[in-house]
Structures are given as structure tokens and as C-alpha cells.
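**Student:** Below you'll find structure38.pdb; it's PDB, C-alpha atoms and all ligand atoms.
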ATOM      1  CA  MET A1437      54.365 258.282 -13.043
ATOM      2  CA  GLY A1438      54.529 255.096 -15.112
ATOM      3  CA  ILE A1439      53.891 255.058 -18.828
ATOM      4  CA  ILE A1440      50.451 253.445 -18.561
ATOM      5  CA  GLU A1441      49.272 256.146 -16.129
ATOM      6  CA  LYS A1442      50.681 258.803 -18.479
ATOM      7  CA  MET A1443      48.490 257.385 -21.252
ATOM      8  CA  ARG A1444      45.340 257.905 -19.160
ATOM      9  CA  LEU A1445      43.117 260.899 -19.884
ATOM     10  CA  ASP A1446      41.378 261.248 -16.506
ATOM     11  CA  GLY A1447      40.017 264.746 -15.983
ATOM     12  CA  LYS A1448      40.657 265.786 -19.593
ATOM     13  CA  ALA A1449      38.068 267.360 -21.908
ATOM     14  CA  ALA A1450      37.883 266.411 -25.575
ATOM     15  CA  PHE A1451      35.835 266.892 -28.703
ATOM     16  CA  VAL A1452      35.784 264.799 -31.863
ATOM     17  CA  THR A1453      34.320 266.102 -35.132
ATOM     18  CA  GLY A1454      32.647 263.467 -37.263
ATOM     19  CA  GLY A1455      32.302 261.718 -33.906
ATOM     20  CA  ALA A1456      28.867 260.209 -34.506
ATOM     21  CA  ARG A1457      30.167 257.147 -36.334
ATOM     22  CA  GLY A1458      33.185 255.386 -37.830
ATOM     23  CA  ILE A1459      36.717 256.448 -36.933
ATOM     24  CA  GLY A1460      35.532 259.482 -34.933
ATOM     25  CA  LYS A1461      33.131 257.426 -32.812
ATOM     26  CA  SER A1462      35.832 254.863 -32.121
ATOM     27  CA  ALA A1463      38.303 257.588 -31.053
ATOM     28  CA  ALA A1464      35.656 259.173 -28.807
ATOM     29  CA  GLN A1465      35.039 255.753 -27.196
ATOM     30  CA  ALA A1466      38.767 255.379 -26.600
ATOM     31  CA  PHE A1467      39.112 258.854 -25.061
ATOM     32  CA  ALA A1468      36.181 258.137 -22.730
ATOM     33  CA  GLN A1469      37.547 254.690 -21.789
ATOM     34  CA  ALA A1470      40.830 256.414 -20.898
ATOM     35  CA  GLY A1471      38.936 258.802 -18.597
ATOM     36  CA  ALA A1472      38.082 261.896 -20.667
ATOM     37  CA  ASP A1473      34.776 263.729 -21.017
ATOM     38  CA  VAL A1474      33.961 264.000 -24.718
ATOM     39  CA  ALA A1475      31.784 266.117 -27.012
ATOM     40  CA  ILE A1476      30.547 264.222 -30.051
ATOM     41  CA  VAL A1477      30.504 266.891 -32.756
ATOM     42  CA  ASP A1478      28.688 266.056 -35.969
ATOM     43  CA  MET A1479      26.278 267.504 -38.529
ATOM     44  CA  ASP A1480      24.127 264.370 -38.011
ATOM     45  CA  ILE A1481      22.819 265.297 -34.571
ATOM     46  CA  ASP A1482      20.477 262.283 -34.195
ATOM     47  CA  GLU A1483      23.358 259.860 -34.687
ATOM     48  CA  ALA A1484      25.615 262.031 -32.492
ATOM     49  CA  ARG A1485      23.055 261.869 -29.652
ATOM     50  CA  LYS A1486      22.788 258.058 -29.985
ATOM     51  CA  THR A1487      26.586 257.753 -29.915
ATOM     52  CA  ALA A1488      26.885 260.079 -26.906
ATOM     53  CA  ALA A1489      24.296 258.026 -24.967
ATOM     54  CA  GLU A1490      26.032 254.769 -25.916
ATOM     55  CA  ILE A1491      29.516 255.932 -24.849
ATOM     56  CA  SER A1492      28.198 257.536 -21.680
ATOM     57  CA  GLY A1493      26.435 254.243 -20.816
ATOM     58  CA  GLU A1494      29.603 252.238 -21.494
ATOM     59  CA  THR A1495      32.049 254.484 -19.635
ATOM     60  CA  GLY A1496      30.086 256.658 -17.184
ATOM     61  CA  ARG A1497      31.876 259.720 -18.558
ATOM     62  CA  ASN A1498      30.167 263.020 -19.353
ATOM     63  CA  ILE A1499      29.503 262.694 -23.105
ATOM     64  CA  VAL A1500      27.543 265.378 -24.957
ATOM     65  CA  ALA A1501      26.407 265.775 -28.563
ATOM     66  CA  VAL A1502      26.901 269.084 -30.401
ATOM     67  CA  GLU A1503      25.444 269.722 -33.862
ATOM     68  CA  THR A1504      28.030 271.396 -36.103
ATOM     69  CA  ASP A1505      28.859 271.641 -39.780
ATOM     70  CA  VAL A1506      32.643 272.002 -39.797
ATOM     71  CA  THR A1507      32.544 274.112 -42.973
ATOM     72  CA  SER A1508      30.813 276.948 -41.076
ATOM     73  CA  LYS A1509      33.176 279.204 -39.108
ATOM     74  CA  GLU A1510      30.255 280.501 -37.018
ATOM     75  CA  GLN A1511      29.113 276.973 -36.106
ATOM     76  CA  VAL A1512      32.655 275.796 -35.336
ATOM     77  CA  ASP A1513      33.395 278.808 -33.119
ATOM     78  CA  LEU A1514      30.085 278.320 -31.298
ATOM     79  CA  MET A1515      30.803 274.589 -30.888
ATOM     80  CA  VAL A1516      34.189 275.246 -29.258
ATOM     81  CA  LYS A1517      32.614 277.834 -26.950
ATOM     82  CA  THR A1518      29.841 275.338 -26.041
ATOM     83  CA  VAL A1519      32.397 272.616 -25.257
ATOM     84  CA  VAL A1520      34.525 274.949 -23.116
ATOM     85  CA  ASP A1521      31.393 276.222 -21.305
ATOM     86  CA  LYS A1522      30.347 272.615 -20.564
ATOM     87  CA  PHE A1523      33.716 271.171 -19.564
ATOM     88  CA  GLY A1524      35.501 274.334 -18.328
ATOM     89  CA  LYS A1525      38.523 273.765 -20.636
ATOM     90  CA  LEU A1526      39.688 271.932 -23.733
ATOM     91  CA  ASP A1527      42.565 269.454 -23.626
ATOM     92  CA  ILE A1528      41.994 267.391 -26.788
ATOM     93  CA  ALA A1529      40.563 268.331 -30.191
ATOM     94  CA  MET A1530      40.224 265.683 -32.869
ATOM     95  CA  CYS A1531      39.463 267.257 -36.257
ATOM     96  CA  ASN A1532      38.216 264.184 -38.044
ATOM     97  CA  ALA A1533      35.077 264.953 -40.109
ATOM     98  CA  GLY A1534      35.679 264.140 -43.751
ATOM     99  CA  ILE A1535      34.018 263.027 -46.978
ATOM    100  CA  CYS A1536      35.101 261.455 -50.263
ATOM    101  CA  ILE A1537      33.741 262.121 -53.751
ATOM    102  CA  ASN A1538      35.145 260.068 -56.603
ATOM    103  CA  ALA A1539      35.340 261.543 -60.094
ATOM    104  CA  PRO A1540      38.015 261.580 -62.785
ATOM    105  CA  ALA A1541      40.067 264.804 -62.661
ATOM    106  CA  ASP A1542      38.908 265.864 -66.122
ATOM    107  CA  GLU A1543      35.247 265.386 -65.216
ATOM    108  CA  MET A1544      35.186 266.586 -61.606
ATOM    109  CA  THR A1545      32.869 269.560 -61.255
ATOM    110  CA  TYR A1546      33.830 272.711 -59.388
ATOM    111  CA  GLU A1547      31.073 271.904 -56.864
ATOM    112  CA  GLN A1548      32.484 268.407 -56.204
ATOM    113  CA  TRP A1549      36.036 269.762 -55.840
ATOM    114  CA  PHE A1550      34.937 272.603 -53.569
ATOM    115  CA  LYS A1551      32.808 270.366 -51.335
ATOM    116  CA  VAL A1552      35.635 267.906 -50.635
ATOM    117  CA  ILE A1553      38.243 270.630 -50.026
ATOM    118  CA  ASN A1554      35.782 272.613 -47.917
ATOM    119  CA  VAL A1555      34.911 269.734 -45.539
ATOM    120  CA  ASN A1556      38.279 267.951 -45.433
ATOM    121  CA  LEU A1557      40.740 270.860 -45.446
ATOM    122  CA  THR A1558      38.895 274.085 -44.602
ATOM    123  CA  GLY A1559      36.865 272.210 -41.966
ATOM    124  CA  VAL A1560      40.050 270.974 -40.290
ATOM    125  CA  PHE A1561      41.577 274.467 -40.469
ATOM    126  CA  LEU A1562      38.509 276.125 -38.907
ATOM    127  CA  THR A1563      38.226 273.485 -36.177
ATOM    128  CA  ALA A1564      41.934 273.349 -35.311
ATOM    129  CA  GLN A1565      42.151 277.158 -35.374
ATOM    130  CA  ALA A1566      39.192 277.581 -32.989
ATOM    131  CA  ALA A1567      40.507 274.856 -30.663
ATOM    132  CA  GLY A1568      44.037 276.262 -30.930
ATOM    133  CA  LYS A1569      42.928 279.725 -29.806
ATOM    134  CA  VAL A1570      41.530 278.265 -26.576
ATOM    135  CA  MET A1571      44.546 275.994 -26.051
ATOM    136  CA  LEU A1572      47.058 278.815 -26.648
ATOM    137  CA  LYS A1573      45.359 280.849 -23.923
ATOM    138  CA  GLN A1574      45.443 277.823 -21.598
ATOM    139  CA  GLY A1575      49.059 277.044 -22.522
ATOM    140  CA  TYR A1576      48.283 273.388 -23.225
ATOM    141  CA  GLY A1577      46.354 271.120 -25.568
ATOM    142  CA  SER A1578      46.648 268.353 -28.131
ATOM    143  CA  ILE A1579      45.115 268.535 -31.605
ATOM    144  CA  ILE A1580      44.780 265.404 -33.730
ATOM    145  CA  ASN A1581      43.818 265.837 -37.386
ATOM    146  CA  THR A1582      42.616 262.918 -39.486
ATOM    147  CA  ALA A1583      44.543 262.858 -42.760
ATOM    148  CA  SER A1584      44.768 259.616 -44.764
ATOM    149  CA  MET A1585      47.193 257.327 -46.547
ATOM    150  CA  SER A1586      45.756 259.149 -49.593
ATOM    151  CA  ALA A1587      48.008 262.052 -48.570
ATOM    152  CA  HIS A1588      50.959 259.763 -49.308
ATOM    153  CA  ILE A1589      49.850 257.630 -52.244
ATOM    154  CA  VAL A1590      47.312 257.921 -55.055
ATOM    155  CA  ASN A1591      44.642 255.319 -54.465
ATOM    156  CA  VAL A1592      43.676 253.104 -57.377
ATOM    157  CA  PRO A1593      41.526 252.188 -59.202
ATOM    158  CA  GLN A1594      39.060 254.864 -58.058
ATOM    159  CA  PRO A1595      39.779 258.453 -59.152
ATOM    160  CA  GLN A1596      39.756 260.789 -56.127
ATOM    161  CA  CYS A1597      42.066 263.744 -56.825
ATOM    162  CA  ALA A1598      40.209 266.205 -54.558
ATOM    163  CA  TYR A1599      40.295 263.800 -51.603
ATOM    164  CA  ASN A1600      43.995 263.053 -52.075
ATOM    165  CA  ALA A1601      44.853 266.769 -52.389
ATOM    166  CA  SER A1602      42.722 267.667 -49.357
ATOM    167  CA  LYS A1603      44.447 265.070 -47.174
ATOM    168  CA  ALA A1604      47.947 266.109 -48.303
ATOM    169  CA  GLY A1605      46.857 269.622 -47.304
ATOM    170  CA  VAL A1606      45.829 268.379 -43.846
ATOM    171  CA  ILE A1607      49.366 267.093 -43.217
ATOM    172  CA  GLN A1608      51.053 270.387 -44.193
ATOM    173  CA  LEU A1609      48.463 272.348 -42.209
ATOM    174  CA  THR A1610      49.232 270.113 -39.213
ATOM    175  CA  LYS A1611      52.988 270.685 -39.507
ATOM    176  CA  SER A1612      52.522 274.456 -39.972
ATOM    177  CA  MET A1613      50.382 274.797 -36.839
ATOM    178  CA  ALA A1614      52.745 272.499 -34.919
ATOM    179  CA  ILE A1615      55.723 274.769 -35.669
ATOM    180  CA  GLU A1616      53.830 277.957 -34.815
ATOM    181  CA  TRP A1617      52.536 276.608 -31.513
ATOM    182  CA  ALA A1618      55.451 274.355 -30.451
ATOM    183  CA  LYS A1619      56.768 276.696 -27.735
ATOM    184  CA  LYS A1620      53.259 277.499 -26.478
ATOM    185  CA  GLY A1621      52.237 274.093 -25.151
ATOM    186  CA  VAL A1622      49.935 273.164 -28.032
ATOM    187  CA  ARG A1623      50.809 270.026 -29.973
ATOM    188  CA  VAL A1624      49.372 269.239 -33.419
ATOM    189  CA  ASN A1625      49.675 265.828 -35.095
ATOM    190  CA  SER A1626      47.856 263.867 -37.772
ATOM    191  CA  ILE A1627      46.931 260.255 -38.362
ATOM    192  CA  SER A1628      46.904 258.734 -41.826
ATOM    193  CA  PRO A1629      44.750 255.608 -41.813
ATOM    194  CA  GLY A1630      44.693 253.091 -44.635
ATOM    195  CA  TYR A1631      41.369 251.636 -45.763
ATOM    196  CA  ILE A1632      39.185 251.247 -42.687
ATOM    197  CA  GLY A1633      35.798 249.477 -42.604
ATOM    198  CA  THR A1634      33.303 252.288 -41.833
ATOM    199  CA  ASP A1635      30.127 253.668 -43.428
ATOM    200  CA  LEU A1636      32.369 255.755 -45.693
ATOM    201  CA  THR A1637      33.832 252.609 -47.270
ATOM    202  CA  LEU A1638      31.428 249.739 -46.500
ATOM    203  CA  ASN A1639      28.162 251.530 -47.264
ATOM    204  CA  SER A1640      29.158 253.833 -50.092
ATOM    205  CA  PRO A1641      27.630 252.472 -53.344
ATOM    206  CA  ASN A1642      30.713 253.750 -55.242
ATOM    207  CA  LEU A1643      33.361 252.324 -52.927
ATOM    208  CA  LYS A1644      31.785 249.058 -51.739
ATOM    209  CA  PRO A1645      32.430 247.136 -54.988
ATOM    210  CA  LEU A1646      36.124 248.056 -54.731
ATOM    211  CA  ILE A1647      36.753 246.367 -51.398
ATOM    212  CA  GLN A1648      37.819 243.040 -52.954
ATOM    213  CA  GLU A1649      40.270 244.917 -55.155
ATOM    214  CA  TRP A1650      41.723 246.846 -52.171
ATOM    215  CA  ASN A1651      42.049 243.636 -50.152
ATOM    216  CA  ARG A1652      43.918 242.042 -53.053
ATOM    217  CA  MET A1653      46.428 244.950 -52.943
ATOM    218  CA  ALA A1654      46.644 245.078 -49.126
ATOM    219  CA  PRO A1655      49.706 243.325 -47.623
ATOM    220  CA  MET A1656      47.500 242.103 -44.741
ATOM    221  CA  GLY A1657      44.708 241.159 -47.152
ATOM    222  CA  ARG A1658      42.012 243.078 -45.273
ATOM    223  CA  LEU A1659      40.645 246.480 -44.272
ATOM    224  CA  GLY A1660      41.552 247.970 -40.909
ATOM    225  CA  LYS A1661      38.991 248.305 -38.141
ATOM    226  CA  PRO A1662      38.242 251.674 -36.479
ATOM    227  CA  GLU A1663      39.344 250.271 -33.119
ATOM    228  CA  GLU A1664      42.797 249.598 -34.588
ATOM    229  CA  LEU A1665      43.302 253.400 -34.601
ATOM    230  CA  GLN A1666      42.292 253.889 -30.967
ATOM    231  CA  ALA A1667      45.726 253.454 -29.378
ATOM    232  CA  ILE A1668      47.436 256.071 -31.546
ATOM    233  CA  CYS A1669      44.627 258.552 -30.803
ATOM    234  CA  VAL A1670      44.898 258.017 -27.038
ATOM    235  CA  TYR A1671      48.708 258.243 -27.226
ATOM    236  CA  LEU A1672      48.579 261.557 -29.125
ATOM    237  CA  ALA A1673      45.883 262.930 -26.810
ATOM    238  CA  SER A1674      47.821 261.996 -23.687
ATOM    239  CA  ASP A1675      50.855 263.401 -21.859
ATOM    240  CA  ALA A1676      52.811 260.317 -22.976
ATOM    241  CA  SER A1677      53.306 262.087 -26.337
ATOM    242  CA  SER A1678      54.668 265.333 -24.829
ATOM    243  CA  PHE A1679      57.616 265.508 -27.318
ATOM    244  CA  THR A1680      55.457 264.502 -30.292
ATOM    245  CA  THR A1681      54.256 267.343 -32.491
ATOM    246  CA  GLY A1682      54.154 267.983 -36.238
ATOM    247  CA  SER A1683      54.156 264.237 -36.899
ATOM    248  CA  ASP A1684      51.964 262.147 -39.147
ATOM    249  CA  PHE A1685      51.215 258.551 -38.188
ATOM    250  CA  VAL A1686      50.489 256.149 -41.037
ATOM    251  CA  ILE A1687      48.395 253.226 -39.777
ATOM    252  CA  ASP A1688      47.679 251.197 -42.889
ATOM    253  CA  GLY A1689      48.797 247.569 -42.463
ATOM    254  CA  ALA A1690      51.781 248.387 -44.735
ATOM    255  CA  PHE A1691      49.545 249.415 -47.673
ATOM    256  CA  THR A1692      51.811 252.360 -48.564
ATOM    257  CA  CYS A1693      55.031 250.364 -48.254
ATOM    258  CA  TRP A1694      55.065 249.267 -51.883
TER     259      TRP A1694
HETATM  260  P1  LIG A1701      32.150 258.162 -41.900
HETATM  261  O1  LIG A1701      31.516 258.607 -43.165
HETATM  262  O2  LIG A1701      31.828 256.810 -41.356
HETATM  263  O3  LIG A1701      31.922 259.244 -40.751
HETATM  264  C1  LIG A1701      32.133 260.595 -40.987
HETATM  265  C2  LIG A1701      31.326 261.420 -40.015
HETATM  266  O4  LIG A1701      31.579 262.800 -40.315
HETATM  267  C3  LIG A1701      29.804 261.215 -40.159
HETATM  268  O5  LIG A1701      29.226 261.032 -38.886
HETATM  269  C4  LIG A1701      29.320 262.504 -40.818
HETATM  270  O6  LIG A1701      28.005 262.893 -40.441
HETATM  271  C5  LIG A1701      30.357 263.496 -40.320
HETATM  272  N1  LIG A1701      30.483 264.676 -41.216
HETATM  273  C6  LIG A1701      30.616 264.683 -42.560
HETATM  274  N2  LIG A1701      30.655 265.953 -43.010
HETATM  275  C7  LIG A1701      30.587 266.756 -41.923
HETATM  276  C8  LIG A1701      30.577 268.154 -41.731
HETATM  277  N3  LIG A1701      30.646 269.007 -42.781
HETATM  278  N4  LIG A1701      30.479 268.647 -40.477
HETATM  279  C9  LIG A1701      30.381 267.813 -39.412
HETATM  280  N5  LIG A1701      30.357 266.472 -39.517
HETATM  281  C10 LIG A1701      30.465 265.950 -40.777
HETATM  282  O7  LIG A1701      33.734 258.308 -42.208
HETATM  283  P2  LIG A1701      35.011 257.607 -41.540
HETATM  284  O8  LIG A1701      35.420 256.494 -42.416
HETATM  285  O9  LIG A1701      34.791 257.390 -40.095
HETATM  286  O10 LIG A1701      36.082 258.767 -41.775
HETATM  287  C11 LIG A1701      36.449 259.685 -40.759
HETATM  288  C12 LIG A1701      37.691 260.419 -41.240
HETATM  289  O11 LIG A1701      38.710 259.481 -41.542
HETATM  290  C13 LIG A1701      37.485 261.226 -42.516
HETATM  291  O12 LIG A1701      38.239 262.421 -42.456
HETATM  292  C14 LIG A1701      38.041 260.304 -43.589
HETATM  293  O13 LIG A1701      38.465 261.012 -44.722
HETATM  294  C15 LIG A1701      39.195 259.700 -42.842
HETATM  295  N6  LIG A1701      39.680 258.432 -43.376
HETATM  296  C16 LIG A1701      38.839 257.393 -43.548
HETATM  297  C17 LIG A1701      39.344 256.202 -44.068
HETATM  298  C18 LIG A1701      38.469 255.007 -44.306
HETATM  299  O14 LIG A1701      38.903 254.101 -45.030
HETATM  300  N7  LIG A1701      37.286 254.930 -43.741
HETATM  301  C19 LIG A1701      40.703 256.104 -44.391
HETATM  302  C20 LIG A1701      41.525 257.196 -44.182
HETATM  303  C21 LIG A1701      41.012 258.365 -43.672
END
Represent the structure of the file as C-alpha cells.
Ligand code: NAD

**Tutor:**
Amino acid sequence: MGIIEKMRLDGKAAFVTGGARGIGKSAAQAFAQAGADVAIVDMDIDEARKTAAEISGETGRNIVAVETDVTSKEQVDLMVKTVVDKFGKLDIAMCNAGICINAPADEMTYEQWFKVINVNLTGVFLTAQAAGKVMLKQGYGSIINTASMSAHIVNVPQPQCAYNASKAGVIQLTKSMAIEWAKKGVRVNSISPGYIGTDLTLNSPNLKPLIQEWNRMAPMGRLGKPEELQAICVYLASDASSFTTGSDFVIDGAFTCW
């Protein structure tokens, strides 16, 4: 089989958390374009349904929306069961839902800290664990966790210690699961995007005014686009990456190079 065929996802079943919009939506579109059926998992079920209808219309794949808050173990376990019931198996799990709250470390409240860690790190753990249990039984599967360049550098000028710590945690969690499951057919990798133009960045009243400043620091002078992460997601989801596990992929237009 040639490399391009190996990158196809025909007949595979996937879910993407935080799949209703932004990076998750773009990855779900890419999985469907490559041939997979995809569950759009999100706490915003109205947006998830719109996204599922849009991707289904574009690709003709079986795309479903599942309402889930990734911080709830019960909801995550039920979501994975729902996906497996619908598709009959689970090949690809993208644990992508995440939030950012900016506050100086000395002023950050316990509630702010807990919320960010709970969604970004505990949510990824619960989702990857539930997906992993199914994949270990199957003897195959690919898990892709969304970390961030904030796992590698401290963003400035905005103070975001909880976000940075949560994303560094996602990378070590990824590597830990990858080692434990390496001989059992389940691969676990992470992506670390730089600044990407999504609702999280473009429509956040706190972050929007900073875009000019980020672009000034960015070697390419611009934000990335969600679709510029699609190829790495399809690669990691596909059999073309069969020797790739425990790796983190920084896609940031060289932002972290200096
Ligand atoms: P976004 O805000 O545009 O989309 C996030 C989606 O996650 C939304 O649909 C939201 O409803 C959903 N969500 C939030 N909390 C949830 C929860 N508890 N349970 C289920 N769904 C939940 O964000 P985005 O920019 O697309 O970011 C996606 C991921 O990429 C996040 O983990 C983010 O930290 C990471 N990331 C983003 C950037 C960036 O610059 N945009 C850079 C690096 C990493």
C-alpha cells in the first residue's frame, strides 16, 4: 500500500472532544474527508449538531453529535459507550476540549486554577482513559491529545500559569500512557499548536487585544489557521504513523524557536 493510501481513514471510527468549533471542528472535518465516521463531542450541543450536519453534508460520512462535559467521568464514559454503540468500534480519539483563563499567579483564585486544570488536564485524562480501555480490548487505536506550545514556553504578555501547567501535564500524561500501552497496539501522541485563530483567541475579550503583540513576536508574523493542523491530525490518526507514539508535535510557525 502506498503512503497516501496509508494516510486514508476509510472505515475508521473517531471522536473529537471540543469538536463543535475551532481546532476540534477542523480535525473532525479532516478525519471525515479522509474517510472516517466521526462523533462531534462537545458541551455545546447546539453548535455540535450544526457542525455534525455541516461535515456530514460536505463529506457524506456518518457524523453524530454527542453532548458531553469532559470534566464528568460519568458523561465521558457514557459518551465513549455511545460512540462504540453507534460505530461498532473506536479507532481514533482526539482529546481536544480546552479553555484558558488569564490571571496573574498571585491573584488567580482556587476556582480559576481548578477549572482550567479540570477541563484541560483531568478532562484529557478521563477521555483518553475511557477511549484507551476500549482500544486496549480491541488491540488497536490512536489517541491524539491537544497540548499547546504553552507546554514548552511561557506565553507573554498575558499571565496564564494554570493553562501553561495544564498543557505541560497533557504532554507527560501522553508519554505515560504511550509507554504503558506501547506493546498493546494503542498509540498516544499530542499536538502543540502555536497561536491559532479560533473563537478562543479571536473572540475572547481578554485575548483579542493581544493579537497584534503576538503577531509582532511570531516569526511568520501571523496566527496559524485551524486547517494548518489538519495534516498532522490525519497522520497521527492513520496507519502511516504506526511507529509514532509518545511524541509531541509542535506546530507553531517557529514561535518557540527563539
Ligand atoms: P475553542 O474555544 O474555539 O473551542 C473549544 C471547544 O471546546 C468549544 O466548542 C467548547 O464548547 C468545547 N469545550 C470547552 N469546555 C468543554 C468541556 N468541559 N467539555 C466539553 N467540551 C468543552 O478553542 P480552540 O482554540 O479550538 O482550542 C481547542 C484546543 O486547542 C484547546 O485544548 C486549546 O487549549 C488548544 N489550543 C488552542 C490554541 C489557540 O491558539 N487557539 C493554541 C494551542 C492549543

**Student:** Need the axis-aligned box for ligand LIG 1701 (chain A) with 8 Å each side, so what are the centre and edges in Å to one decimal, as lines of an AutoDock Vina configuration file?

**Tutor:**
center_x = 34.8
center_y = 261.6
center_z = -42.0
size_x = 29.5
size_y = 30.9
size_z = 22.1

**Student:** Just want the 9 Å neighbourhood of A:Leu1445, counted on only C-alpha atoms, with same-chain residues fewer than 2 positions away dropped. Output as a PDB file with C-alpha atoms, in the coordinates of the input.

**Tutor:**
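After the write, result_30.pdb holds the following:
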ATOM      1  CA  GLU A1441      49.272 256.146 -16.129  1.00  0.00           C
ATOM      2  CA  LYS A1442      50.681 258.803 -18.479  1.00  0.00           C
ATOM      3  CA  MET A1443      48.490 257.385 -21.252  1.00  0.00           C
ATOM      4  CA  GLY A1447      40.017 264.746 -15.983  1.00  0.00           C
ATOM      5  CA  LYS A1448      40.657 265.786 -19.593  1.00  0.00           C
ATOM      6  CA  ALA A1449      38.068 267.360 -21.908  1.00  0.00           C
ATOM      7  CA  PHE A1467      39.112 258.854 -25.061  1.00  0.00           C
ATOM      8  CA  ALA A1468      36.181 258.137 -22.730  1.00  0.00           C
ATOM      9  CA  GLN A1469      37.547 254.690 -21.789  1.00  0.00           C
ATOM     10  CA  ALA A1470      40.830 256.414 -20.898  1.00  0.00           C
ATOM     11  CA  GLY A1471      38.936 258.802 -18.597  1.00  0.00           C
ATOM     12  CA  ALA A1472      38.082 261.896 -20.667  1.00  0.00           C
ATOM     13  CA  ASP A1473      34.776 263.729 -21.017  1.00  0.00           C
ATOM     14  CA  VAL A1670      44.898 258.017 -27.038  1.00  0.00           C
ATOM     15  CA  ALA A1673      45.883 262.930 -26.810  1.00  0.00           C
ATOM     16  CA  SER A1674      47.821 261.996 -23.687  1.00  0.00           C
ATOM     17  CA  ASP A1675      50.855 263.401 -21.859  1.00  0.00           C
TER      18      ASP A1675
END

**Student:** Could you list the residues chosen by the PyMOL selection byres (((not hetatm)) within 6 of (chain A and resi 1701)) in this structure as a PyMOL selection string?

**Tutor:** chain A and resi 1453-1460+1478-1480+1504-1507+1532-1535+1555+1582-1584+1629-1637

**Student:** By how many Å are atom CA of A:Met1530 and atom CA of A:Ala1464 apart?

**Tutor:** 8.9 Å

**Student:** Near A:Leu1514, counting only C-alpha atoms, which residues have an atom at most 12 Å away, once you skip same-chain residues fewer than 2 positions from it, shown as an mmCIF file with C-alpha atoms, keeping the file's coordinate frame?

**Tutor:**
data_model
loop_
_atom_site.group_PDB
_atom_site.id
_atom_site.type_symbol
_atom_site.label_atom_id
_atom_site.label_comp_id
_atom_site.auth_asym_id
_atom_site.auth_seq_id
_atom_site.Cartn_x
_atom_site.Cartn_y
_atom_site.Cartn_z
ATOM 1 C CA VAL A 1477 30.504 266.891 -32.756
ATOM 2 C CA VAL A 1502 26.901 269.084 -30.401
ATOM 3 C CA GLU A 1503 25.444 269.722 -33.862
ATOM 4 C CA THR A 1504 28.030 271.396 -36.103
ATOM 5 C CA ASP A 1505 28.859 271.641 -39.780
ATOM 6 C CA VAL A 1506 32.643 272.002 -39.797
ATOM 7 C CA SER A 1508 30.813 276.948 -41.076
ATOM 8 C CA LYS A 1509 33.176 279.204 -39.108
ATOM 9 C CA GLU A 1510 30.255 280.501 -37.018
ATOM 10 C CA GLN A 1511 29.113 276.973 -36.106
ATOM 11 C CA VAL A 1512 32.655 275.796 -35.336
ATOM 12 C CA VAL A 1516 34.189 275.246 -29.258
ATOM 13 C CA LYS A 1517 32.614 277.834 -26.950
ATOM 14 C CA THR A 1518 29.841 275.338 -26.041
ATOM 15 C CA VAL A 1519 32.397 272.616 -25.257
ATOM 16 C CA VAL A 1520 34.525 274.949 -23.116
ATOM 17 C CA ASP A 1521 31.393 276.222 -21.305
ATOM 18 C CA LEU A 1562 38.509 276.125 -38.907
ATOM 19 C CA THR A 1563 38.226 273.485 -36.177
ATOM 20 C CA ALA A 1566 39.192 277.581 -32.989
ATOM 21 C CA ALA A 1567 40.507 274.856 -30.663
#

**Student:** Which residues, protein or nucleic acid, reach to within 7 Å of (29.9, 264.3, -23.8) in the file's coordinates when using all atoms listed in the file, and can you give that as a PyMOL selection string?

**Tutor:** chain A and resi 1473-1476+1488+1498-1501

**Student:** Applying 7 Å and all atoms listed in the file, which residues near A:Gln1548 remain after dropping the ones on its own chain fewer than 4 positions away? List them as a VMD selection string.

**Tutor:** chain A and resid 1537 1544 1552

**Student:** Grab the atom CA of A:Lys1620 to atom CA of A:Gly1568 distance for me, in Å with one decimal place.

**Tutor:**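 Going from atom CA of A:Lys1620 over to atom CA of A:Gly1568, I get 10.3 Å.
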
**Student:** Would you work out the distance separating atom CA of A:Val1624 from atom CA of A:Glu1483, expressed in Å to one decimal?

**Tutor:**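 Going from atom CA of A:Val1624 over to atom CA of A:Glu1483 covers 27.7 Å.
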
**Student:** Considering only C-alpha atoms, return as a list in words whatever protein or nucleic-acid residues lie within 12 Å of A:Met1585, sequence-local ones (same chain, fewer than 5 positions apart) excluded.

**Tutor:**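 In the requested form, the answer reads Val1590, Asn1591, Tyr1599, Asn1600, Ala1601, Ser1602, Lys1603, Ala1604, Val1606, Ile1607, Ser1626, Ile1627, Ser1628, Pro1629, Gly1630, Tyr1631, Ile1632, Asp1684, Phe1685, Val1686, Ile1687, Asp1688, Gly1689, Ala1690, Phe1691, Thr1692 and Cys1693 of chain A.
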
**Student:** Restricting the calculation to only C-alpha atoms, which member of A:Arg1623, A:Lys1611, A:Arg1658, A:Lys1644 is positioned closest to A:Thr1680?

**Tutor:** A:Arg1623

**Student:** Taking only C-alpha atoms into account, which of A:Met1515, A:Met1571, A:Thr1545, A:Phe1550 comes nearest A:Ile1528?

**Tutor:**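 The answer is A:Met1571, which sits nearest to A:Ile1528.
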
**Student:** Looking at A:Cys1536, A:Leu1672, A:Ala1450, A:Ala1541, which one is nearest to A:Asn1554, with distances taken over only C-alpha atoms?

**Tutor:** A:Cys1536

**Student:** Within 10 Å of A:Val1592, counting only C-alpha atoms, which residues show up once you throw out same-chain ones fewer than 2 positions away? Write them as number ranges by chain, please.

**Tutor:** A: 1589-1590, 1594-1596, 1646, 1649-1650, 1653

**Student:** Of the candidates A:Cys1597, A:Ala1654, A:Gly1524, A:Gln1574, which shows the shortest atom-to-atom distance to A:Trp1549, using all atoms listed in the file?

**Tutor:**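 The shortest atom-to-atom distance to A:Trp1549 comes from A:Cys1597.
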
**Student:** Can you take the partial stretch 1517-1525 of chain A, add N, CA and C atoms, and return it as a JSON list (two decimals), in the frame of the given file?

**Tutor:**
[["chain", "number", "residue", "atom", "x", "y", "z"],
["A", 1517, "LYS", "N", 33.06, 277.09, -28.13],
["A", 1517, "LYS", "CA", 32.61, 277.83, -26.95],
["A", 1517, "LYS", "C", 31.68, 276.95, -26.09],
["A", 1518, "THR", "N", 30.77, 276.23, -26.75],
["A", 1518, "THR", "CA", 29.84, 275.34, -26.04],
["A", 1518, "THR", "C", 30.60, 274.27, -25.26],
["A", 1519, "VAL", "N", 31.61, 273.68, -25.90],
["A", 1519, "VAL", "CA", 32.40, 272.62, -25.26],
["A", 1519, "VAL", "C", 33.15, 273.18, -24.04],
["A", 1520, "VAL", "N", 33.77, 274.35, -24.23],
["A", 1520, "VAL", "CA", 34.52, 274.95, -23.12],
["A", 1520, "VAL", "C", 33.57, 275.35, -21.99],
["A", 1521, "ASP", "N", 32.39, 275.88, -22.34],
["A", 1521, "ASP", "CA", 31.39, 276.22, -21.30],
["A", 1521, "ASP", "C", 31.00, 274.97, -20.51],
["A", 1522, "LYS", "N", 30.80, 273.85, -21.23],
["A", 1522, "LYS", "CA", 30.35, 272.62, -20.56],
["A", 1522, "LYS", "C", 31.43, 271.98, -19.70],
["A", 1523, "PHE", "N", 32.65, 271.92, -20.24],
["A", 1523, "PHE", "CA", 33.72, 271.17, -19.56],
["A", 1523, "PHE", "C", 34.69, 272.07, -18.79],
["A", 1524, "GLY", "N", 34.63, 273.40, -19.05],
["A", 1524, "GLY", "CA", 35.50, 274.33, -18.33],
["A", 1524, "GLY", "C", 36.88, 274.49, -18.94],
["A", 1525, "LYS", "N", 37.21, 273.70, -19.96],
["A", 1525, "LYS", "CA", 38.52, 273.76, -20.64],
["A", 1525, "LYS", "C", 38.48, 272.84, -21.85]]
